[in-house]
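A.B. asks: As input, take model_10.json (JSON, C-alpha atoms and all ligand atoms):
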```json
[["chain", "number", "residue", "atom", "x", "y", "z"],
["A", 850, "MET", "CA", 27.23, 78.63, 41.53],
["A", 851, "VAL", "CA", 30.54, 78.79, 43.34],
["A", 852, "ALA", "CA", 33.46, 77.29, 41.49],
["A", 853, "ALA", "CA", 35.35, 74.59, 43.31],
["A", 854, "PHE", "CA", 38.82, 75.43, 44.58],
["A", 855, "GLY", "CA", 41.47, 74.92, 41.89],
["A", 856, "SER", "CA", 38.99, 74.85, 39.03],
["A", 857, "GLY", "CA", 40.13, 78.20, 37.56],
["A", 858, "ALA", "CA", 41.72, 78.55, 34.15],
["A", 859, "GLN", "CA", 45.08, 76.81, 34.00],
["A", 860, "ARG", "CA", 47.99, 79.07, 33.10],
["A", 861, "THR", "CA", 50.14, 77.76, 30.26],
["A", 862, "PRO", "CA", 53.46, 76.84, 31.81],
["A", 863, "ARG", "CA", 56.36, 78.92, 30.50],
["A", 864, "GLN", "CA", 59.53, 77.27, 29.26],
["A", 865, "LEU", "CA", 62.13, 77.12, 32.02],
["A", 866, "VAL", "CA", 65.60, 78.67, 31.85],
["A", 867, "GLU", "CA", 67.01, 75.56, 33.54],
["A", 868, "ALA", "CA", 65.53, 73.24, 30.91],
["A", 869, "THR", "CA", 66.69, 75.21, 27.85],
["A", 870, "PRO", "CA", 70.07, 74.64, 26.16],
["A", 871, "ARG", "CA", 72.24, 77.71, 26.51],
["A", 872, "ILE", "CA", 75.46, 79.27, 25.39],
["A", 873, "CYS", "CA", 77.04, 81.46, 27.98],
["A", 874, "ARG", "CA", 79.90, 83.94, 27.94],
["A", 875, "ALA", "CA", 82.28, 81.41, 29.45],
["A", 876, "ASN", "CA", 81.54, 78.83, 26.71],
["A", 877, "VAL", "CA", 82.27, 81.34, 23.96],
["A", 878, "ARG", "CA", 85.33, 82.67, 25.74],
["A", 879, "LYS", "CA", 86.84, 79.19, 26.05],
["A", 880, "ALA", "CA", 86.53, 78.71, 22.29],
["A", 881, "LEU", "CA", 88.40, 81.96, 21.54],
["A", 882, "PRO", "CA", 92.17, 82.62, 21.55],
["A", 883, "LYS", "CA", 93.67, 83.84, 24.83],
["A", 884, "SER", "CA", 94.55, 87.21, 23.32],
["A", 885, "PRO", "CA", 92.14, 87.88, 20.44],
["A", 886, "VAL", "CA", 93.37, 90.28, 17.78],
["A", 887, "GLU", "CA", 90.20, 92.32, 18.26],
["A", 888, "VAL", "CA", 91.35, 93.38, 21.72],
["A", 889, "ALA", "CA", 95.05, 94.00, 20.94],
["A", 890, "GLY", "CA", 96.14, 97.56, 21.65],
["A", 891, "LEU", "CA", 92.76, 98.76, 22.87],
["A", 892, "PRO", "CA", 92.52, 100.91, 26.00],
["A", 893, "PRO", "CA", 90.49, 99.62, 29.00],
["A", 894, "GLY", "CA", 86.82, 100.44, 28.68],
["A", 895, "ALA", "CA", 86.84, 100.41, 24.87],
["A", 896, "VAL", "CA", 84.12, 98.32, 23.26],
["A", 897, "VAL", "CA", 84.56, 96.29, 20.08],
["A", 898, "ARG", "CA", 81.84, 94.36, 18.36],
["A", 899, "ALA", "CA", 82.65, 91.17, 16.49],
["A", 900, "SER", "CA", 80.90, 88.06, 15.34],
["A", 901, "VAL", "CA", 81.92, 84.52, 16.30],
["A", 902, "GLY", "CA", 80.79, 81.13, 15.04],
["A", 903, "VAL", "CA", 79.28, 78.66, 17.52],
["A", 904, "ARG", "CA", 77.83, 75.20, 17.04],
["A", 905, "VAL", "CA", 74.39, 74.47, 18.45],
["A", 906, "GLY", "CA", 73.81, 70.75, 17.94],
["A", 907, "ASP", "CA", 74.45, 70.28, 14.24],
["A", 908, "VAL", "CA", 73.77, 73.86, 13.29],
["A", 909, "GLU", "CA", 76.50, 76.44, 12.84],
["A", 910, "GLN", "CA", 75.39, 79.80, 14.21],
["A", 911, "ARG", "CA", 77.03, 83.19, 14.14],
["A", 912, "ILE", "CA", 76.51, 85.36, 17.16],
["A", 913, "GLU", "CA", 77.46, 88.95, 17.78],
["A", 914, "VAL", "CA", 79.69, 89.60, 20.75],
["A", 915, "VAL", "CA", 81.18, 92.61, 22.45],
["A", 916, "TYR", "CA", 84.80, 92.57, 23.59],
["A", 917, "GLN", "CA", 85.61, 94.87, 26.43],
["A", 918, "PRO", "CA", 89.27, 95.23, 27.46],
["A", 919, "ILE", "CA", 89.86, 95.72, 31.19],
["A", 920, "MET", "CA", 93.14, 96.29, 33.03],
["A", 921, "ARG", "CA", 96.47, 94.64, 32.12],
["A", 922, "GLY", "CA", 95.50, 93.05, 28.83],
["A", 923, "ARG", "CA", 92.53, 91.21, 30.32],
["A", 924, "TRP", "CA", 89.17, 91.37, 28.61],
["A", 925, "ARG", "CA", 85.53, 90.52, 29.00],
["A", 926, "ILE", "CA", 83.07, 89.30, 26.48],
["A", 927, "TYR", "CA", 79.30, 89.76, 26.30],
["A", 928, "LEU", "CA", 76.89, 88.02, 23.97],
["A", 929, "ILE", "CA", 74.48, 90.16, 21.97],
["A", 930, "CYS", "CA", 70.93, 88.93, 21.65],
["A", 931, "GLY", "CA", 69.94, 88.96, 17.98],
["A", 932, "GLU", "CA", 66.37, 89.96, 18.89],
["A", 933, "CYS", "CA", 66.72, 92.83, 21.35],
["A", 934, "CYS", "CA", 70.42, 93.69, 20.68],
["A", 935, "GLU", "CA", 71.12, 93.82, 24.45],
["A", 936, "ARG", "CA", 74.33, 92.50, 26.02],
["A", 937, "ARG", "CA", 73.63, 89.20, 27.75],
["A", 938, "HIS", "CA", 75.46, 86.64, 29.88],
["A", 939, "ALA", "CA", 73.77, 83.79, 28.06],
["A", 940, "LEU", "CA", 71.68, 83.05, 24.99],
["A", 941, "PHE", "CA", 69.16, 80.22, 24.80],
["A", 942, "TRP", "CA", 68.32, 77.82, 22.03],
["A", 943, "HIS", "CA", 64.53, 77.57, 21.87],
["A", 944, "LEU", "CA", 62.07, 77.04, 19.00],
["A", 945, "GLY", "CA", 64.92, 76.96, 16.50],
["A", 946, "ALA", "CA", 66.32, 80.36, 17.48],
["A", 947, "LEU", "CA", 69.07, 81.72, 19.66],
["A", 948, "ALA", "CA", 67.97, 84.62, 21.85],
["A", 949, "CYS", "CA", 68.07, 85.85, 25.43],
["A", 950, "TYR", "CA", 65.73, 84.64, 28.17],
["A", 951, "ARG", "CA", 63.56, 87.76, 27.89],
["A", 952, "CYS", "CA", 63.02, 87.47, 24.15],
["A", 953, "HIS", "CA", 62.18, 83.77, 24.55],
["A", 954, "ASN", "CA", 59.95, 84.62, 27.53],
["A", 955, "LEU", "CA", 61.69, 82.00, 29.69],
["A", 956, "THR", "CA", 61.22, 81.84, 33.41],
["A", 957, "TYR", "CA", 63.20, 80.45, 36.32],
["A", 958, "GLN", "CA", 62.06, 77.33, 38.17],
["A", 959, "CYS", "CA", 61.89, 79.19, 41.48],
["A", 960, "ARG", "CA", 59.52, 81.78, 39.99],
["A", 961, "THR", "CA", 56.96, 79.16, 39.06],
["A", 962, "THR", "CA", 55.87, 78.76, 42.66],
["A", 963, "ARG", "CA", 54.17, 81.41, 44.77],
["A", 964, "ASN", "CA", 56.00, 80.31, 47.88],
["A", 965, "ARG", "CA", 59.60, 81.26, 47.19],
["A", 966, "LEU", "CA", 60.74, 81.43, 50.79],
["A", 967, "PRO", "CA", 61.96, 77.78, 50.99],
["A", 968, "PHE", "CA", 63.95, 78.34, 47.76],
["A", 969, "ARG", "CA", 65.57, 81.47, 49.14],
["A", 970, "VAL", "CA", 66.49, 79.69, 52.38],
["A", 971, "ALA", "CA", 67.94, 76.72, 50.47],
["A", 972, "LYS", "CA", 69.92, 79.02, 48.16],
["A", 973, "LEU", "CA", 71.40, 80.99, 51.04],
["A", 974, "ARG", "CA", 72.29, 77.80, 52.93],
["A", 975, "ARG", "CA", 74.03, 76.50, 49.81],
["A", 976, "LYS", "CA", 75.95, 79.77, 49.47],
["A", 977, "ILE", "CA", 77.16, 79.59, 53.07],
["A", 978, "GLY", "CA", 78.06, 75.92, 52.56],
["A", 979, "ALA", "CA", 75.53, 74.69, 55.14],
["A", 980, "PRO", "CA", 73.54, 71.44, 54.86],
["A", 981, "PRO", "CA", 70.00, 72.04, 53.55],
["A", 982, "SER", "CA", 68.17, 70.95, 56.73],
["A", 983, "LEU", "CA", 66.76, 73.83, 58.73],
["A", 984, "LEU", "CA", 68.04, 72.95, 62.18],
["A", 985, "VAL", "CA", 71.57, 71.89, 61.28],
["A", 986, "PRO", "CA", 74.16, 74.38, 62.61],
["A", 987, "LEU", "CA", 76.00, 76.61, 60.15],
["A", 988, "PRO", "CA", 79.64, 76.02, 59.25],
["A", 989, "ARG", "CA", 82.40, 78.46, 60.25],
["A", 990, "LYS", "CA", 83.21, 81.40, 58.01],
["A", 991, "PRO", "CA", 85.08, 80.27, 54.88],
["A", 992, "PRO", "CA", 88.66, 81.64, 55.17],
["A", 993, "HIS", "CA", 88.44, 83.81, 52.04],
["A", 994, "TRP", "CA", 85.19, 85.53, 53.08],
["A", 995, "ARG", "CA", 85.13, 88.95, 54.71],
["A", 996, "PRO", "CA", 83.79, 88.69, 58.30],
["A", 997, "ASP", "CA", 81.13, 91.38, 57.74],
["A", 998, "TYR", "CA", 79.95, 89.62, 54.56],
["A", 999, "TYR", "CA", 79.64, 86.29, 56.42],
["A", 1000, "ARG", "CA", 77.81, 87.99, 59.32],
["A", 1001, "ARG", "CA", 75.37, 89.64, 56.89],
["A", 1002, "MET", "CA", 74.64, 86.28, 55.21],
["A", 1003, "VAL", "CA", 74.06, 84.54, 58.53],
["A", 1004, "ARG", "CA", 71.80, 87.37, 59.71],
["A", 1005, "GLU", "CA", 69.77, 87.26, 56.49],
["A", 1006, "LEU", "CA", 69.44, 83.48, 56.79],
["A", 1007, "ALA", "CA", 68.25, 83.77, 60.40],
["A", 1008, "VAL", "CA", 65.50, 86.22, 59.37],
["A", 1009, "LEU", "CA", 64.36, 84.04, 56.46],
["A", 1010, "GLU", "CA", 64.40, 80.84, 58.53],
["A", 1011, "ALA", "CA", 62.38, 82.50, 61.28],
["A", 1012, "ALA", "CA", 59.79, 83.58, 58.69],
["A", 1013, "LEU", "CA", 59.76, 80.07, 57.25],
["A", 1014, "ALA", "CA", 59.31, 78.51, 60.69],
["A", 1015, "ILE", "CA", 56.28, 80.77, 61.35],
["A", 1016, "ARG", "CA", 54.82, 79.89, 57.97],
["A", 1017, "LEU", "CA", 55.28, 76.15, 58.55],
["A", 1018, "HIS", "CA", 53.66, 76.45, 61.96],
["A", 1019, "ASP", "CA", 50.67, 78.34, 60.45],
["A", 1020, "THR", "CA", 50.35, 75.75, 57.68],
["A", 1021, "VAL", "CA", 50.25, 72.88, 60.15],
["A", 1022, "ARG", "CA", 47.54, 74.69, 62.18],
["A", 1023, "ALA", "CA", 45.50, 75.45, 59.05],
["A", 1024, "VAL", "CA", 45.66, 71.81, 57.93],
["A", 1025, "ARG", "CA", 44.57, 70.65, 61.41],
["A", 1026, "ARG", "CA", 41.65, 73.09, 61.37],
["A", 1027, "ARG", "CA", 40.56, 71.85, 57.94],
["A", 1028, "ARG", "CA", 40.43, 68.22, 59.05],
["A", 1029, "PRO", "CA", 36.99, 67.00, 60.23],
["A", 1030, "LYS", "CA", 36.62, 66.80, 64.03],
["A", 1031, "HIS", "CA", 36.25, 63.04, 64.24],
["A", 1032, "ASP", "CA", 39.45, 62.71, 62.15],
["A", 1033, "ARG", "CA", 41.36, 65.05, 64.47],
["A", 1034, "HIS", "CA", 40.71, 62.76, 67.43],
["A", 1035, "SER", "CA", 40.58, 59.48, 65.53],
["A", 1036, "HIS", "CA", 43.56, 58.11, 67.47],
["A", 1037, "ARG", "CA", 41.53, 58.33, 70.71],
["A", 1038, "ALA", "CA", 38.77, 56.13, 69.30],
["A", 1039, "THR", "CA", 41.05, 53.17, 68.70],
["B", 1, "ZN", "ZN", 66.81, 89.49, 23.70]]
```
Show me this structure written as structure tokens.
C.D. replies:
Amino acid sequence: MVAAFGSGAQRTPRQLVEATPRICRANVRKALPKSPVEVAGLPPGAVVRASVGVRVGDVEQRIEVVYQPIMRGRWRIYLICGECCERRHALFWHLGALACYRCHNLTYQCRTTRNRLPFRVAKLRRKIGAPPSLLVPLPRKPPHWRPDYYRRMVRELAVLEAALAIRLHDTVRAVRRRRPKHDRHSHRAT
């Protein structure tokens, strides 16, 4: 017996990054003093580990961080995942624990669909500052962008949009072919 289309085993949907509460580097940084004592007097490139307290809902959590001084007294901070001990940009609160997206096995919304091309086109259009519709002309280069960077973006978008146009065209043809003959010409019968 041949199984009907779409009757295969359903995959359990993975929790999405976008739908999970997170703490990112910027959040932690804002809660810290402008010049933390941990960084004072350290040369650029040095790495200091420390632990900071954060509130997740009603729960007080301590997370490990890494301070990294850069030039002229400026510094960066990374969050350390308590599970894998890697430096991360963000940690996620899921199933009562704070960990990185890998340890929680989270996935991104755009990865949950097999057809990522429309997402990539939309993302690139957003980056360039263009309206989302396919045929709307692109805006001029933002003044602070390098011309070669803008040209590269526009070129990449053109390639992706061409691929998307071909795919849409093929989809429309496939749908037409799948429709029964009498349905295809139903408008003539009326
Ligand atoms: Zn981790």
A.B. asks: Could you tell me which of A:Pro967, A:Gly931, A:Gly902, A:Pro988 comes closest to ligand ZN 1 (chain B) if we count all atoms listed in the file?
C.D. replies: A:Gly931
A.B. asks: Which protein, DNA or RNA residues have an atom within 8 Å of ligand ZN 1 (chain B), counting only C-alpha atoms and all ligand atoms, as a list in words?
C.D. replies: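 The neighbouring residues of ligand ZN 1 (chain B) are, in order, Ile929, Cys930, Gly931, Glu932, Cys933, Cys934, Glu935, Arg937, Ala948, Cys949, Tyr950, Arg951, Cys952 and His953 of chain A.
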A.B. asks: May I ask for the distance between atom CA of Gln917 of chain A and atom CA of Ala946 of chain A, given in Å to one decimal place?
C.D. replies: 25.7 Å
A.B. asks: Rounded to one decimal place, report the atom CA of Gln958 of chain A-atom CA of Arg975 of chain A distance in Å.
C.D. replies: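 Atom CA of Arg975 of chain A lies 16.7 Å from atom CA of Gln958 of chain A.
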A.B. asks: One decimal, Å: what's the distance from atom CA of Ala895 of chain A over to atom CA of Ala880 of chain A, could you say?
C.D. replies: 21.9 Å
A.B. asks: Which residue is closest to Val866 of chain A? Choose from A:Phe941, A:Tyr999, A:Tyr927, A:Tyr916 and count all atoms listed in the file.
C.D. replies: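 Of A:Phe941, A:Tyr999, A:Tyr927, A:Tyr916, the one nearest Val866 of chain A, counting all atoms listed in the file, is A:Phe941.
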A.B. asks: Find the residue from A:Leu891, A:Val877, A:Leu1006, A:Ile872 that sits nearest to Gly922 of chain A; use only C-alpha atoms when measuring.
C.D. replies: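 Of A:Leu891, A:Val877, A:Leu1006, A:Ile872, the one nearest Gly922 of chain A is A:Leu891, counting only C-alpha atoms.
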A.B. asks: List every protein, DNA or RNA residue that has an atom no more than 10 Å from (66.0, 75.7, 17.4) in the file's coordinate frame, counting all atoms listed in the file, and report them as a VMD selection string.
C.D. replies: chain A and resid 870 905 to 906 908 941 to 947
A.B. asks: List as a list in words the residues having at least one atom at most 12 Å from position (57.6, 76.5, 50.1) as given in the file, counting all atoms listed in the file.
C.D. replies: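 Applying the cut-off with all atoms listed in the file, one gets Cys959, Arg960, Thr961, Thr962, Arg963, Asn964, Arg965, Leu966, Pro967, Phe968, Arg969, Val970, Ala971, Leu1009, Glu1010, Ala1012, Leu1013, Ala1014, Arg1016, Leu1017 and Thr1020 of chain A.
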A.B. asks: For Arg923 of chain A, which of A:Arg1025, A:Asn876, A:Lys883, A:Arg863 is the closest residue, counting only C-alpha atoms?
C.D. replies: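 The shortest atom-to-atom distance to Arg923 of chain A comes from A:Lys883.
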A.B. asks: My list of candidates is A:Arg1001, A:Lys879, A:Arg874, A:Arg995. Which is closest to His938 of chain A when distances are computed with only C-alpha atoms?
C.D. replies: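 Of A:Arg1001, A:Lys879, A:Arg874, A:Arg995, the one nearest His938 of chain A is A:Arg874, counting only C-alpha atoms.
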A.B. asks: As a VMD selection string, please: the residues near Lys990 of chain A (cut-off 12 Å, all atoms listed in the file, same-chain neighbours under 3 positions excluded).
C.D. replies: chain A and resid 976 to 979 987 993 to 1003
A.B. asks: I'd like to know which of A:Arg1028, A:His1018, A:Arg974, A:Pro991 is closest to Arg1004 of chain A, using all atoms listed in the file.
C.D. replies: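 Smallest distance to Arg1004 of chain A is found for A:Arg974.
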A.B. asks: Set the distance at 12 Å and use only C-alpha atoms: which residues neighbour Gly890 of chain A once local chain neighbours fewer than 2 positions away are removed? I'd like the list as number ranges by chain.
C.D. replies: A: 884-888, 892-893, 895, 897, 917-924
A.B. asks: Would you mind completing segment 943-973 of chain A to N, CA and C atoms and writing the output as a PDB file, keeping the file's coordinate frame?
C.D. replies:
```pdb
ATOM      1  N   HIS A 943      65.919  77.947  21.634  1.00  0.00           N
ATOM      2  CA  HIS A 943      64.530  77.570  21.870  1.00  0.00           C
ATOM      3  C   HIS A 943      63.741  77.847  20.593  1.00  0.00           C
ATOM      4  N   LEU A 944      62.897  76.917  20.209  1.00  0.00           N
ATOM      5  CA  LEU A 944      62.070  77.040  19.000  1.00  0.00           C
ATOM      6  C   LEU A 944      62.905  77.398  17.770  1.00  0.00           C
ATOM      7  N   GLY A 945      64.080  76.776  17.689  1.00  0.00           N
ATOM      8  CA  GLY A 945      64.920  76.960  16.500  1.00  0.00           C
ATOM      9  C   GLY A 945      65.598  78.315  16.410  1.00  0.00           C
ATOM     10  N   ALA A 946      65.665  79.049  17.519  1.00  0.00           N
ATOM     11  CA  ALA A 946      66.320  80.360  17.480  1.00  0.00           C
ATOM     12  C   ALA A 946      67.155  80.576  18.727  1.00  0.00           C
ATOM     13  N   LEU A 947      68.191  81.380  18.552  1.00  0.00           N
ATOM     14  CA  LEU A 947      69.070  81.720  19.660  1.00  0.00           C
ATOM     15  C   LEU A 947      68.732  83.138  20.116  1.00  0.00           C
ATOM     16  N   ALA A 948      68.302  83.278  21.345  1.00  0.00           N
ATOM     17  CA  ALA A 948      67.970  84.620  21.850  1.00  0.00           C
ATOM     18  C   ALA A 948      68.084  84.612  23.366  1.00  0.00           C
ATOM     19  N   CYS A 949      67.914  85.773  23.973  1.00  0.00           N
ATOM     20  CA  CYS A 949      68.070  85.850  25.430  1.00  0.00           C
ATOM     21  C   CYS A 949      66.784  85.358  26.122  1.00  0.00           C
ATOM     22  N   TYR A 950      66.860  85.223  27.437  1.00  0.00           N
ATOM     23  CA  TYR A 950      65.730  84.640  28.170  1.00  0.00           C
ATOM     24  C   TYR A 950      64.494  85.532  28.086  1.00  0.00           C
ATOM     25  N   ARG A 951      64.712  86.848  27.982  1.00  0.00           N
ATOM     26  CA  ARG A 951      63.560  87.760  27.890  1.00  0.00           C
ATOM     27  C   ARG A 951      62.849  87.599  26.557  1.00  0.00           C
ATOM     28  N   CYS A 952      63.640  87.570  25.475  1.00  0.00           N
ATOM     29  CA  CYS A 952      63.020  87.470  24.150  1.00  0.00           C
ATOM     30  C   CYS A 952      62.311  86.130  23.970  1.00  0.00           C
ATOM     31  N   HIS A 953      62.842  85.079  24.629  1.00  0.00           N
ATOM     32  CA  HIS A 953      62.180  83.770  24.550  1.00  0.00           C
ATOM     33  C   HIS A 953      61.076  83.630  25.594  1.00  0.00           C
ATOM     34  N   ASN A 954      60.943  84.646  26.462  1.00  0.00           N
ATOM     35  CA  ASN A 954      59.950  84.620  27.530  1.00  0.00           C
ATOM     36  C   ASN A 954      60.137  83.391  28.439  1.00  0.00           C
ATOM     37  N   LEU A 955      61.399  83.134  28.790  1.00  0.00           N
ATOM     38  CA  LEU A 955      61.690  82.000  29.690  1.00  0.00           C
ATOM     39  C   LEU A 955      61.512  82.452  31.130  1.00  0.00           C
ATOM     40  N   THR A 956      61.309  81.507  31.989  1.00  0.00           N
ATOM     41  CA  THR A 956      61.220  81.840  33.410  1.00  0.00           C
ATOM     42  C   THR A 956      62.060  80.881  34.220  1.00  0.00           C
ATOM     43  N   TYR A 957      62.386  81.295  35.451  1.00  0.00           N
ATOM     44  CA  TYR A 957      63.200  80.450  36.320  1.00  0.00           C
ATOM     45  C   TYR A 957      62.289  79.510  37.126  1.00  0.00           C
ATOM     46  N   GLN A 958      62.805  78.336  37.402  1.00  0.00           N
ATOM     47  CA  GLN A 958      62.060  77.330  38.170  1.00  0.00           C
ATOM     48  C   GLN A 958      61.492  77.923  39.460  1.00  0.00           C
ATOM     49  N   CYS A 959      62.325  78.688  40.178  1.00  0.00           N
ATOM     50  CA  CYS A 959      61.890  79.190  41.480  1.00  0.00           C
ATOM     51  C   CYS A 959      60.761  80.207  41.352  1.00  0.00           C
ATOM     52  N   ARG A 960      60.584  80.787  40.157  1.00  0.00           N
ATOM     53  CA  ARG A 960      59.520  81.780  39.990  1.00  0.00           C
ATOM     54  C   ARG A 960      58.174  81.133  39.657  1.00  0.00           C
ATOM     55  N   THR A 961      58.200  79.812  39.440  1.00  0.00           N
ATOM     56  CA  THR A 961      56.960  79.160  39.060  1.00  0.00           C
ATOM     57  C   THR A 961      56.117  78.797  40.281  1.00  0.00           C
ATOM     58  N   THR A 962      56.653  79.036  41.460  1.00  0.00           N
ATOM     59  CA  THR A 962      55.870  78.760  42.660  1.00  0.00           C
ATOM     60  C   THR A 962      55.632  80.063  43.403  1.00  0.00           C
ATOM     61  N   ARG A 963      54.480  80.172  44.047  1.00  0.00           N
ATOM     62  CA  ARG A 963      54.170  81.410  44.770  1.00  0.00           C
ATOM     63  C   ARG A 963      54.965  81.477  46.068  1.00  0.00           C
ATOM     64  N   ASN A 964      55.305  80.316  46.603  1.00  0.00           N
ATOM     65  CA  ASN A 964      56.000  80.310  47.880  1.00  0.00           C
ATOM     66  C   ASN A 964      57.507  80.158  47.641  1.00  0.00           C
ATOM     67  N   ARG A 965      58.179  81.316  47.540  1.00  0.00           N
ATOM     68  CA  ARG A 965      59.600  81.260  47.190  1.00  0.00           C
ATOM     69  C   ARG A 965      60.509  81.201  48.405  1.00  0.00           C
ATOM     70  N   LEU A 966      59.919  81.363  49.584  1.00  0.00           N
ATOM     71  CA  LEU A 966      60.740  81.430  50.790  1.00  0.00           C
ATOM     72  C   LEU A 966      61.635  80.189  50.968  1.00  0.00           C
ATOM     73  N   PRO A 967      61.094  78.953  50.823  1.00  0.00           N
ATOM     74  CA  PRO A 967      61.960  77.780  50.990  1.00  0.00           C
ATOM     75  C   PRO A 967      63.119  77.763  49.984  1.00  0.00           C
ATOM     76  N   PHE A 968      62.877  78.287  48.765  1.00  0.00           N
ATOM     77  CA  PHE A 968      63.950  78.340  47.760  1.00  0.00           C
ATOM     78  C   PHE A 968      65.042  79.312  48.189  1.00  0.00           C
ATOM     79  N   ARG A 969      64.582  80.465  48.733  1.00  0.00           N
ATOM     80  CA  ARG A 969      65.570  81.470  49.140  1.00  0.00           C
ATOM     81  C   ARG A 969      66.415  80.967  50.297  1.00  0.00           C
ATOM     82  N   VAL A 970      65.759  80.258  51.243  1.00  0.00           N
ATOM     83  CA  VAL A 970      66.490  79.690  52.380  1.00  0.00           C
ATOM     84  C   VAL A 970      67.504  78.662  51.878  1.00  0.00           C
ATOM     85  N   ALA A 971      67.053  77.773  50.975  1.00  0.00           N
ATOM     86  CA  ALA A 971      67.940  76.720  50.470  1.00  0.00           C
ATOM     87  C   ALA A 971      69.126  77.315  49.720  1.00  0.00           C
ATOM     88  N   LYS A 972      68.857  78.395  48.956  1.00  0.00           N
ATOM     89  CA  LYS A 972      69.920  79.020  48.160  1.00  0.00           C
ATOM     90  C   LYS A 972      70.973  79.651  49.079  1.00  0.00           C
ATOM     91  N   LEU A 973      70.487  80.323  50.112  1.00  0.00           N
ATOM     92  CA  LEU A 973      71.400  80.990  51.040  1.00  0.00           C
ATOM     93  C   LEU A 973      72.227  79.962  51.819  1.00  0.00           C
TER      94      LEU A 973
END
```
